[in-house]
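Engineer: This is work.txt (compact mmCIF, C-alpha atoms).
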```
# COMPACT_ATOMS: atom_id res chain seq x y z
CA GLU A 9 -5.17 -4.90 24.42
CA LYS A 10 -3.59 -8.19 25.54
CA GLN A 11 -1.45 -8.18 22.42
CA ARG A 12 -0.22 -4.66 23.15
CA THR A 13 0.61 -5.58 26.74
CA ALA A 14 2.59 -8.63 25.65
CA LEU A 15 4.43 -6.48 23.13
CA ALA A 16 5.20 -3.82 25.75
CA ARG A 17 6.49 -6.51 28.12
CA THR A 18 8.86 -7.74 25.43
CA LEU A 19 10.03 -4.25 24.60
CA ILE A 20 11.04 -3.33 28.15
CA SER A 21 13.06 -6.50 28.72
CA ASP A 22 16.63 -6.32 27.44
CA ASN A 23 16.55 -9.61 25.64
CA PRO A 24 18.73 -9.27 22.53
CA MET A 25 16.70 -11.71 20.39
CA VAL A 26 12.97 -11.33 20.06
CA LEU A 27 10.46 -13.61 18.32
CA LEU A 28 7.25 -11.82 17.30
CA ASP A 29 4.36 -13.80 15.79
CA GLU A 30 1.84 -11.50 14.05
CA PRO A 31 2.29 -8.87 16.80
CA PHE A 32 0.30 -6.13 15.04
CA SER A 33 -2.37 -8.15 13.24
CA SER A 34 -5.43 -6.77 14.99
CA LEU A 35 -4.42 -3.11 15.25
CA ASN A 36 -5.56 -0.30 13.01
CA LEU A 37 -3.15 0.99 10.39
CA GLY A 38 -2.18 4.21 12.20
CA LEU A 39 -1.35 2.45 15.45
CA LYS A 40 0.46 -0.29 13.54
CA ARG A 41 2.68 2.22 11.75
CA LYS A 42 3.45 4.03 15.01
CA LEU A 43 4.52 0.75 16.65
CA TRP A 44 6.53 -0.33 13.59
CA HIS A 45 8.61 2.80 13.91
CA LEU A 46 9.00 2.43 17.64
CA LEU A 47 10.16 -1.16 17.17
CA LYS A 48 12.46 -0.20 14.30
CA LYS A 49 14.00 2.58 16.41
CA MET A 50 14.65 0.23 19.33
CA GLN A 51 16.07 -2.34 16.94
CA ARG A 52 18.40 0.35 15.52
CA GLU A 53 19.45 1.76 18.88
CA GLN A 54 19.67 -1.47 20.88
CA GLY A 55 20.98 -3.71 18.12
CA TRP A 56 18.21 -6.26 18.65
CA THR A 57 17.71 -9.28 16.45
CA LEU A 58 14.04 -9.72 15.59
CA LEU A 59 12.39 -12.75 14.08
CA LEU A 60 8.95 -11.57 12.98
CA VAL A 61 6.17 -13.65 11.44
CA THR A 62 3.57 -11.67 9.51
CA HIS A 63 1.04 -11.71 6.67
CA ASP A 64 1.55 -7.96 6.15
CA LEU A 65 3.97 -7.24 3.32
CA GLU A 66 4.54 -3.57 4.23
CA GLU A 67 5.39 -4.66 7.78
CA ALA A 68 7.82 -7.33 6.56
CA LEU A 69 9.55 -4.95 4.16
CA LEU A 70 9.81 -2.11 6.67
CA LEU A 71 11.00 -4.11 9.66
CA GLY A 72 13.11 -6.81 8.02
CA ASP A 73 16.63 -6.83 6.60
CA ASP A 74 16.20 -10.38 5.33
CA LEU A 75 12.96 -11.85 4.06
CA SER A 76 11.89 -15.51 3.99
CA LEU A 77 8.72 -16.46 2.13
CA ILE A 78 6.67 -19.45 3.24
CA ALA A 79 3.77 -20.99 1.30
CA ASN A 80 1.93 -24.15 2.34
CA GLY A 81 4.50 -24.72 5.10
CA GLU A 82 7.39 -24.69 2.63
CA LEU A 83 10.22 -22.16 2.37
CA VAL A 84 9.79 -20.59 -1.05
CA ASP A 85 12.61 -18.03 -1.01
CA SER A 86 14.96 -16.38 1.46
CA GLY A 87 17.58 -13.62 1.30
CA PRO A 88 18.18 -9.86 1.54
CA LYS A 89 14.76 -8.23 1.29
CA ASN A 90 15.40 -6.21 -1.88
CA GLN A 91 16.66 -9.24 -3.76
CA VAL A 92 13.69 -11.37 -2.63
CA TYR A 93 11.16 -8.58 -3.25
CA CYS A 94 12.40 -7.35 -6.62
CA TYR A 95 13.33 -10.68 -8.22
CA PRO A 96 10.97 -13.48 -7.19
CA LYS A 97 11.85 -16.68 -9.03
CA THR A 98 8.66 -18.69 -8.68
CA VAL A 99 4.94 -18.12 -9.06
CA SER A 100 4.43 -18.85 -5.33
CA ALA A 101 6.98 -16.22 -4.32
CA ALA A 102 5.48 -13.60 -6.65
CA CYS A 103 2.00 -14.44 -5.35
CA ILE A 104 3.04 -13.92 -1.70
CA LEU A 105 4.55 -10.59 -2.78
CA GLY A 106 1.15 -9.50 -4.11
CA THR A 107 1.62 -9.91 -7.87
CA GLU A 108 -1.80 -9.80 -9.54
CA ASN A 109 -1.18 -10.87 -13.14
CA PHE A 110 0.36 -14.11 -14.43
CA LEU A 111 0.64 -14.99 -18.13
CA PRO A 112 1.99 -18.29 -19.49
CA GLY A 113 4.96 -17.51 -21.76
CA GLU A 114 7.25 -19.49 -24.07
CA PHE A 115 10.84 -18.35 -24.45
CA VAL A 116 11.46 -17.58 -28.13
CA GLY A 117 14.90 -15.94 -28.13
CA ARG A 118 17.22 -13.16 -27.00
CA SER A 119 17.84 -9.72 -28.47
CA ASP A 120 19.39 -6.46 -27.19
CA GLY A 121 19.71 -7.51 -23.55
CA LEU A 122 16.14 -8.82 -23.50
CA CYS A 123 14.60 -12.27 -23.49
CA ASN A 124 11.49 -12.49 -25.66
CA PHE A 125 8.46 -14.54 -24.80
CA HIS A 126 5.46 -15.61 -26.83
CA CYS A 127 2.32 -15.40 -24.72
CA PRO A 128 -0.56 -17.45 -26.15
CA ASP A 129 -3.10 -15.50 -24.05
CA PHE A 130 -1.78 -12.09 -24.98
CA PRO A 131 -1.80 -10.24 -28.31
CA ALA A 132 1.86 -9.12 -28.26
CA ASN A 133 5.14 -10.85 -27.47
CA LEU A 134 6.56 -9.65 -24.14
CA SER A 135 10.21 -9.01 -23.31
CA VAL A 136 11.98 -9.35 -19.98
CA SER A 137 15.37 -7.94 -19.06
CA ALA A 138 17.92 -10.74 -19.71
CA SER A 139 19.56 -10.03 -16.34
CA TYR A 140 16.50 -11.43 -14.51
CA PRO A 141 17.87 -14.24 -12.23
CA THR A 142 15.82 -17.06 -13.79
CA LEU A 143 17.06 -16.18 -17.30
CA ALA A 144 20.77 -16.87 -16.74
CA GLY A 145 21.11 -20.42 -18.12
CA ASP A 146 20.75 -22.02 -21.54
CA ASN A 147 17.84 -24.21 -22.68
CA LEU A 148 15.30 -21.63 -21.58
CA ASP A 149 12.95 -23.03 -24.22
CA LYS A 150 12.75 -26.23 -22.16
CA LEU A 151 11.35 -24.38 -19.12
CA ARG A 152 7.73 -23.46 -18.49
CA PHE A 153 7.58 -19.80 -17.61
CA LYS A 154 4.85 -17.59 -16.28
CA LEU A 155 5.34 -13.87 -16.68
CA GLY A 156 4.34 -12.00 -13.54
CA ILE A 157 3.24 -8.36 -13.75
CA LYS A 158 2.14 -6.18 -10.83
CA ALA A 159 -1.09 -4.26 -11.40
CA ALA A 160 0.78 -1.04 -10.54
CA ASP A 161 3.20 -1.67 -13.45
CA ILE A 162 0.53 -1.76 -16.15
CA LYS A 163 0.29 1.69 -17.73
CA LEU A 164 -2.65 2.91 -19.79
CA CYS A 165 -2.28 4.47 -23.23
CA ARG A 166 -4.36 5.19 -26.33
CA VAL A 167 -5.55 2.14 -28.22
CA ASP A 168 -3.66 3.27 -31.36
CA SER A 169 -0.47 4.20 -29.48
CA ALA A 170 2.71 2.76 -31.06
CA GLY A 171 4.01 1.22 -27.79
CA ALA A 172 0.74 -0.48 -26.82
CA ALA A 173 1.23 -4.15 -25.88
CA GLY A 174 -2.46 -4.87 -26.22
CA CYS A 175 -5.97 -3.49 -26.41
CA CYS A 176 -8.45 -4.15 -23.60
CA ASN A 177 -12.03 -3.45 -22.64
CA ILE A 178 -12.49 -1.79 -19.25
CA GLU A 179 -14.81 -4.16 -17.42
CA ALA A 180 -14.87 -2.39 -14.07
CA VAL A 181 -13.26 0.54 -12.25
CA LEU A 182 -12.75 -0.04 -8.53
CA GLU A 183 -11.76 3.16 -6.75
CA LYS A 184 -9.89 2.66 -3.50
CA GLY A 185 -8.94 6.03 -2.07
CA ARG A 186 -5.91 7.44 -3.87
CA THR A 187 -5.71 4.77 -6.51
CA ALA A 188 -8.12 2.65 -8.54
CA THR A 189 -7.94 -0.90 -9.81
CA LEU A 190 -9.12 -1.40 -13.37
CA VAL A 191 -10.42 -4.81 -14.36
CA LEU A 192 -9.39 -5.13 -18.02
CA ARG A 193 -10.34 -7.85 -20.50
CA SER A 194 -8.02 -8.50 -23.41
CA LYS A 195 -9.97 -8.12 -26.68
CA THR A 196 -8.15 -10.97 -28.41
CA SER A 197 -7.94 -13.65 -25.72
CA GLY A 198 -10.55 -12.75 -23.12
CA LEU A 199 -7.82 -12.79 -20.44
CA THR A 200 -8.54 -10.64 -17.37
CA ILE A 201 -5.79 -8.19 -16.40
CA LEU A 202 -5.72 -5.96 -13.32
CA ALA A 203 -4.13 -2.50 -13.57
CA GLU A 204 -3.64 -0.08 -10.69
CA VAL A 205 -3.65 3.61 -11.58
CA SER A 206 -3.73 6.94 -9.75
CA LEU A 207 -7.01 8.87 -9.81
CA LYS A 208 -5.32 11.35 -12.17
CA GLU A 209 -4.45 8.59 -14.67
CA LEU A 210 -8.03 7.34 -14.40
CA ILE A 211 -9.52 10.49 -15.91
CA GLY A 212 -11.28 9.75 -19.22
CA HIS A 213 -11.45 5.99 -18.61
CA ALA A 214 -14.79 4.40 -17.78
CA PRO A 215 -16.29 0.91 -17.84
CA GLY A 216 -17.14 -0.12 -21.40
CA ASN A 217 -14.33 1.96 -22.95
CA GLU A 218 -11.33 0.52 -24.77
CA VAL A 219 -7.81 1.25 -23.64
CA GLY A 220 -4.26 0.29 -24.65
CA ILE A 221 -1.75 -1.02 -22.14
CA ILE A 222 2.02 -0.62 -21.93
CA ILE A 223 4.28 -2.90 -19.90
CA SER A 224 7.97 -2.07 -19.48
CA PRO A 225 10.44 -5.03 -19.75
CA ASP A 226 11.84 -3.99 -16.33
CA ALA A 227 8.42 -4.59 -14.78
CA ILE A 228 8.02 -8.19 -15.96
CA MET A 229 9.11 -11.10 -13.77
CA ALA A 230 10.11 -14.35 -15.47
CA LEU A 231 8.81 -16.96 -13.05
CA VAL A 232 9.33 -20.69 -13.20
CA GLU A 233 6.52 -22.98 -12.15
CA ARG A 234 7.27 -25.30 -9.29
CA GLU B 25 -7.97 -23.63 5.07
CA LYS B 26 -11.03 -23.57 7.35
CA GLN B 27 -11.45 -19.87 6.61
CA ARG B 28 -11.36 -20.47 2.88
CA THR B 29 -13.92 -23.28 3.13
CA ALA B 30 -16.30 -21.13 5.13
CA LEU B 31 -15.89 -18.37 2.57
CA ALA B 32 -16.53 -20.75 -0.32
CA ARG B 33 -19.65 -22.04 1.44
CA THR B 34 -20.95 -18.50 1.75
CA LEU B 35 -20.17 -17.68 -1.85
CA ILE B 36 -22.10 -20.59 -3.34
CA SER B 37 -25.28 -19.92 -1.36
CA ASP B 38 -27.56 -17.34 -2.93
CA ASN B 39 -28.05 -15.33 0.22
CA PRO B 40 -28.40 -11.69 -0.83
CA MET B 41 -26.85 -10.27 2.37
CA VAL B 42 -23.52 -11.54 3.61
CA LEU B 43 -21.67 -10.70 6.83
CA LEU B 44 -17.91 -11.31 6.61
CA ASP B 45 -15.71 -10.86 9.70
CA GLU B 46 -12.01 -10.58 8.76
CA PRO B 47 -12.47 -13.21 6.02
CA PHE B 48 -9.01 -12.77 4.48
CA SER B 49 -6.87 -11.96 7.53
CA SER B 50 -4.57 -14.97 7.44
CA LEU B 51 -4.03 -15.24 3.69
CA ASN B 52 -1.03 -13.99 1.76
CA LEU B 53 -1.38 -10.80 -0.26
CA GLY B 54 -1.60 -12.45 -3.69
CA LEU B 55 -4.35 -14.85 -2.65
CA LYS B 56 -6.16 -12.06 -0.80
CA ARG B 57 -6.19 -9.84 -3.89
CA LYS B 58 -7.45 -12.71 -6.04
CA LEU B 59 -10.33 -13.37 -3.63
CA TRP B 60 -11.13 -9.65 -3.29
CA HIS B 61 -11.69 -9.47 -7.02
CA LEU B 62 -13.72 -12.66 -7.08
CA LEU B 63 -15.93 -11.30 -4.29
CA LYS B 64 -16.21 -7.89 -5.95
CA LYS B 65 -17.19 -9.51 -9.23
CA MET B 66 -19.90 -11.62 -7.57
CA GLN B 67 -21.10 -8.54 -5.67
CA ARG B 68 -21.30 -6.64 -8.98
CA GLU B 69 -23.00 -9.42 -10.91
CA GLN B 70 -25.33 -10.76 -8.22
CA GLY B 71 -26.14 -7.45 -6.53
CA TRP B 72 -25.14 -8.75 -3.11
CA THR B 73 -25.04 -6.61 -0.01
CA LEU B 74 -21.88 -7.26 1.98
CA LEU B 75 -21.12 -6.17 5.52
CA LEU B 76 -17.39 -6.73 5.95
CA VAL B 77 -15.31 -6.22 9.08
CA THR B 78 -11.59 -5.76 8.48
CA HIS B 79 -8.36 -4.18 9.76
CA ASP B 80 -7.05 -3.99 6.18
CA LEU B 81 -7.54 -0.53 4.69
CA GLU B 82 -6.92 -1.55 1.07
CA GLU B 83 -9.53 -4.32 1.49
CA ALA B 84 -12.08 -1.90 2.96
CA LEU B 85 -11.52 0.68 0.22
CA LEU B 86 -11.63 -1.83 -2.61
CA LEU B 87 -14.68 -3.81 -1.48
CA GLY B 88 -16.77 -1.14 0.21
CA ASP B 89 -19.06 1.55 -1.14
CA ASP B 90 -19.60 2.96 2.34
CA LEU B 91 -17.03 2.99 5.10
CA SER B 92 -17.61 3.07 8.87
CA LEU B 93 -14.63 3.59 11.17
CA ILE B 94 -14.64 2.12 14.67
CA ALA B 95 -12.09 2.90 17.40
CA ASN B 96 -12.31 1.59 20.97
CA GLY B 97 -15.77 0.22 20.23
CA GLU B 98 -17.09 3.61 19.16
CA LEU B 99 -18.27 4.68 15.71
CA VAL B 100 -15.86 7.42 14.66
CA ASP B 101 -17.13 8.20 11.16
CA SER B 102 -19.41 6.72 8.53
CA GLY B 103 -20.37 7.57 4.95
CA PRO B 104 -19.43 7.14 1.27
CA LYS B 105 -15.88 5.79 1.24
CA ASN B 106 -14.26 8.66 -0.68
CA GLN B 107 -15.72 11.25 1.69
CA VAL B 108 -14.64 9.28 4.77
CA TYR B 109 -11.20 8.48 3.34
CA CYS B 110 -10.30 11.90 1.93
CA TYR B 111 -11.74 14.12 4.66
CA PRO B 112 -11.39 12.58 8.13
CA LYS B 113 -12.61 14.99 10.78
CA THR B 114 -10.98 13.64 13.91
CA VAL B 115 -7.56 12.42 14.96
CA SER B 116 -8.99 8.91 15.60
CA ALA B 117 -10.43 8.71 12.09
CA ALA B 118 -7.18 9.89 10.48
CA CYS B 119 -5.24 7.41 12.61
CA ILE B 120 -7.40 4.46 11.49
CA LEU B 121 -6.82 5.63 7.91
CA GLY B 122 -3.07 5.32 8.41
CA THR B 123 -2.05 8.98 8.82
CA GLU B 124 1.48 9.08 10.25
CA ASN B 125 2.04 12.73 11.20
CA PHE B 126 0.02 14.92 13.58
CA LEU B 127 1.00 18.50 14.50
CA PRO B 128 -0.88 20.68 17.01
CA GLY B 129 -2.04 23.85 15.19
CA GLU B 130 -3.73 27.11 16.19
CA PHE B 131 -6.05 28.75 13.67
CA VAL B 132 -4.71 32.25 12.95
CA GLY B 133 -6.86 33.44 10.04
CA ARG B 134 -8.08 33.01 6.47
CA SER B 135 -6.58 34.17 3.19
CA ASP B 136 -7.06 33.23 -0.50
CA GLY B 137 -9.25 30.20 0.09
CA LEU B 138 -6.90 28.88 2.77
CA CYS B 139 -7.05 28.66 6.53
CA ASN B 140 -3.71 29.41 8.17
CA PHE B 141 -2.42 27.63 11.25
CA HIS B 142 0.43 28.40 13.61
CA CYS B 143 2.20 25.18 14.60
CA PRO B 144 4.33 25.59 17.73
CA ASP B 145 6.31 22.42 16.92
CA PHE B 146 6.99 23.37 13.34
CA PRO B 147 9.14 26.14 11.86
CA ALA B 148 6.59 27.44 9.32
CA ASN B 149 2.88 28.25 9.47
CA LEU B 150 0.84 25.68 7.57
CA SER B 151 -2.23 26.33 5.41
CA VAL B 152 -5.19 24.06 4.77
CA SER B 153 -7.77 24.41 2.00
CA ALA B 154 -10.70 26.39 3.52
CA SER B 155 -13.15 23.91 1.99
CA TYR B 156 -12.01 21.19 4.42
CA PRO B 157 -15.19 20.03 6.23
CA THR B 158 -14.02 20.96 9.75
CA LEU B 159 -13.21 24.54 8.67
CA ALA B 160 -16.75 25.59 7.69
CA GLY B 161 -17.88 27.41 10.85
CA ASP B 162 -16.84 30.58 12.69
CA ASN B 163 -14.89 30.69 15.95
CA LEU B 164 -12.21 28.36 14.60
CA ASP B 165 -9.77 29.99 17.03
CA LYS B 166 -11.76 28.41 19.88
CA LEU B 167 -11.13 24.87 18.60
CA ARG B 168 -8.06 22.73 19.24
CA PHE B 169 -6.82 21.42 15.91
CA LYS B 170 -4.27 18.85 14.98
CA LEU B 171 -3.00 18.95 11.42
CA GLY B 172 -2.73 15.46 9.93
CA ILE B 173 -0.30 14.77 7.12
CA LYS B 174 0.26 11.42 5.42
CA ALA B 175 3.91 10.39 5.07
CA ALA B 176 3.33 9.97 1.31
CA ASP B 177 2.31 13.67 1.07
CA ILE B 178 5.59 15.05 2.43
CA LYS B 179 7.83 15.94 -0.50
CA LEU B 180 11.57 16.47 -0.23
CA CYS B 181 13.35 19.56 -1.59
CA ARG B 182 16.65 21.42 -1.20
CA VAL B 183 17.15 23.05 2.19
CA ASP B 184 17.38 26.51 0.56
CA SER B 185 14.36 25.97 -1.72
CA ALA B 186 11.85 28.86 -1.66
CA GLY B 187 8.83 26.64 -1.00
CA ALA B 188 10.38 24.64 1.86
CA ALA B 189 8.12 24.43 4.92
CA GLY B 190 10.98 23.34 7.15
CA CYS B 191 14.48 21.92 7.37
CA CYS B 192 15.05 18.46 8.83
CA ASN B 193 17.84 16.04 9.62
CA ILE B 194 17.47 12.59 8.10
CA GLU B 195 17.64 10.28 11.08
CA ALA B 196 16.99 6.99 9.29
CA VAL B 197 16.10 5.66 5.85
CA LEU B 198 13.91 2.56 5.91
CA GLU B 199 13.65 0.97 2.47
CA LYS B 200 10.58 -1.16 1.92
CA GLY B 201 10.59 -2.50 -1.60
CA ARG B 202 9.44 0.19 -4.04
CA THR B 203 9.29 3.00 -1.52
CA ALA B 204 11.23 4.11 1.53
CA THR B 205 10.18 5.77 4.76
CA LEU B 206 12.42 8.59 5.95
CA VAL B 207 12.51 9.36 9.66
CA LEU B 208 13.08 13.13 9.76
CA ARG B 209 13.78 15.32 12.76
CA SER B 210 12.85 18.99 12.57
CA LYS B 211 15.96 21.11 13.25
CA THR B 212 14.04 23.74 15.20
CA SER B 213 11.65 21.73 17.36
CA GLY B 214 13.07 18.20 17.48
CA LEU B 215 9.71 16.88 16.18
CA THR B 216 9.88 13.54 14.34
CA ILE B 217 8.23 13.49 10.91
CA LEU B 218 7.78 10.46 8.65
CA ALA B 219 8.01 10.91 4.88
CA GLU B 220 7.38 8.21 2.28
CA VAL B 221 9.24 8.56 -1.01
CA SER B 222 9.90 6.46 -4.10
CA LEU B 223 13.37 4.95 -4.47
CA LYS B 224 13.99 7.47 -7.26
CA GLU B 225 13.22 10.43 -4.97
CA LEU B 226 15.50 8.88 -2.36
CA ILE B 227 18.63 9.25 -4.50
CA GLY B 228 21.13 11.63 -2.87
CA HIS B 229 19.50 11.47 0.57
CA ALA B 230 21.24 9.54 3.36
CA PRO B 231 21.04 9.42 7.15
CA GLY B 232 22.81 12.44 8.67
CA ASN B 233 22.01 14.73 5.71
CA GLU B 234 19.77 17.77 5.87
CA VAL B 235 16.71 18.08 3.66
CA GLY B 236 13.88 20.55 3.11
CA ILE B 237 10.25 19.45 3.09
CA ILE B 238 7.26 20.73 1.13
CA ILE B 239 3.64 20.09 2.12
CA SER B 240 0.78 21.10 -0.19
CA PRO B 241 -2.30 22.70 1.47
CA ASP B 242 -4.45 20.05 -0.25
CA ALA B 243 -2.57 17.32 1.61
CA ILE B 244 -3.19 18.68 5.10
CA MET B 245 -6.15 17.48 7.16
CA ALA B 246 -7.57 19.85 9.79
CA LEU B 247 -8.57 17.44 12.56
CA VAL B 248 -10.42 18.24 15.72
CA GLU B 249 -9.54 16.45 18.93
CA ARG B 250 -12.28 14.45 20.53
```
Take the structure in this file and express it as structure tokens.

Structural biologist:
Amino acid sequence: EKQRTALARTLISDNPMVLLDEPFSSLNLGLKRKLWHLLKKMQREQGWTLLLVTHDLEEALLLGDDLSLIANGELVDSGPKNQVYCYPKTVSAACILGTENFLPGEFVGRSDGLCNFHCPDFPANLSVSASYPTLAGDNLDKLRFKLGIKAADIKLCRVDSAGAAGCCNIEAVLEKGRTATLVLRSKTSGLTILAEVSLKELIGHAPGNEVGIIISPDAIMALVER
Amino acid sequence: EKQRTALARTLISDNPMVLLDEPFSSLNLGLKRKLWHLLKKMQREQGWTLLLVTHDLEEALLLGDDLSLIANGELVDSGPKNQVYCYPKTVSAACILGTENFLPGEFVGRSDGLCNFHCPDFPANLSVSASYPTLAGDNLDKLRFKLGIKAADIKLCRVDSAGAAGCCNIEAVLEKGRTATLVLRSKTSGLTILAEVSLKELIGHAPGNEVGIIISPDAIMALVER
């Protein structure tokens, strides 16, 4: 209530620069979304500059033009939001952006616009688009990479499918409304992988079953450790 | 830091019932997701009972089996999470669950397993699956309904498409990483509608353009006012 009043007081002043520190943190999602759009509309119409501090990624992406990521009090990355969101360069940045899976990878060479990585924990080599920002220089074999993969970018397929990057056991299925998170365990390395699928894609998959996974090179982030 | 220590202290005790009040609220998304899965795993393996209070819908849906919704200190709904999440009965419940669009609707009759509603603010009549929990009784014309529609359930189409429920002006396009929210204004009533689309679906749509919208009967919630 107090938070909403403070917010309303800010909104009716005609101050052109507004600092908001977690303004929506204790509101329910519906109310939050309504206020986001109100704020965004006023920002658009009044030309306000907002500096907003938040732990809510959807809020940051919706309201911001530029995004700065902070971890342990340190600035991890900063820039236009699409650049920062789509191409994190470090494990910390990818973690703040909600990436669930990280695999150590050694650069083994380039081919056809891709950089290829050997992943000791993973049955197949993985390839990343060579245009990924961290893959521009030479001496990539000297760097320690982690490959970051969002759970939503791991697709399920048949175990014997030609494109399968690996075969996993389904350890658990966690339904969460319109989607489900699958906890997968790689059969070769024991590595745990999280995959997020729609309820439609979930059909026919149950704990204890085996499943193949497919990961597109465009969905893999080549992250450097810091 | 303090929050994480308290959580760790709870997790290493072997108390079979744990109350957690916003345990993850000031953590970044990556860390949050990691801890959700750790907690879920311990819950699965140890058979813990958790009572968790949160403003984070994804957290509630992932960790909970049952979901209770509270608005203004009042219990709004309670039950198995899929039932509560997929079939909210009131505007408050749908709002807590993040529903963005609400249209007043008058029940006008049944046909082919659907209940039909006249929406004064909307160019077309809208239909809802007759199996929706609030549509079971008689005398539906005596009730005041609001039709709830999630932004993600509004699909774009050509203005002259046969299935179009209405024609809107695109007032703003708000990109937010992998999806974008479109602020649409109905050409007939001036009503604002929010639609969430993937970046692929966004191609060819820009502020100032006209667009048709399609809403499936399965995606409309018949909500009663309280």

Engineer: How many Å lie between CA of Lys158 in chain A and CA of Asn36 in chain A, rounded to one decimal?

Structural biologist: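 Those two atoms sit 25.7 Å apart.
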
Engineer: Based on all atoms listed in the file, which of the residues in chain A come within 10 Å of chain B? I want them as a count of residues only.

Structural biologist: 56

Engineer: Just give me the gap between CA of Leu159 in chain B and CA of Glu98 in chain B in Å, one decimal is fine.

Structural biologist: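 Computed distance, CA of Leu159 in chain B to CA of Glu98 in chain B, equals 23.7 Å.
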
Engineer: Here is a test: counting all atoms listed in the file, which residue of B:Pro147, B:Pro231, B:Pro157, B:Gly103 is nearest to Gly190 in chain B?

Structural biologist: B:Pro147

Engineer: Please compute the CA of Lys195 in chain A-CA of Glu218 in chain A distance, one decimal, in Å.

Structural biologist: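 Separation between CA of Lys195 in chain A and CA of Glu218 in chain A: 9.0 Å.
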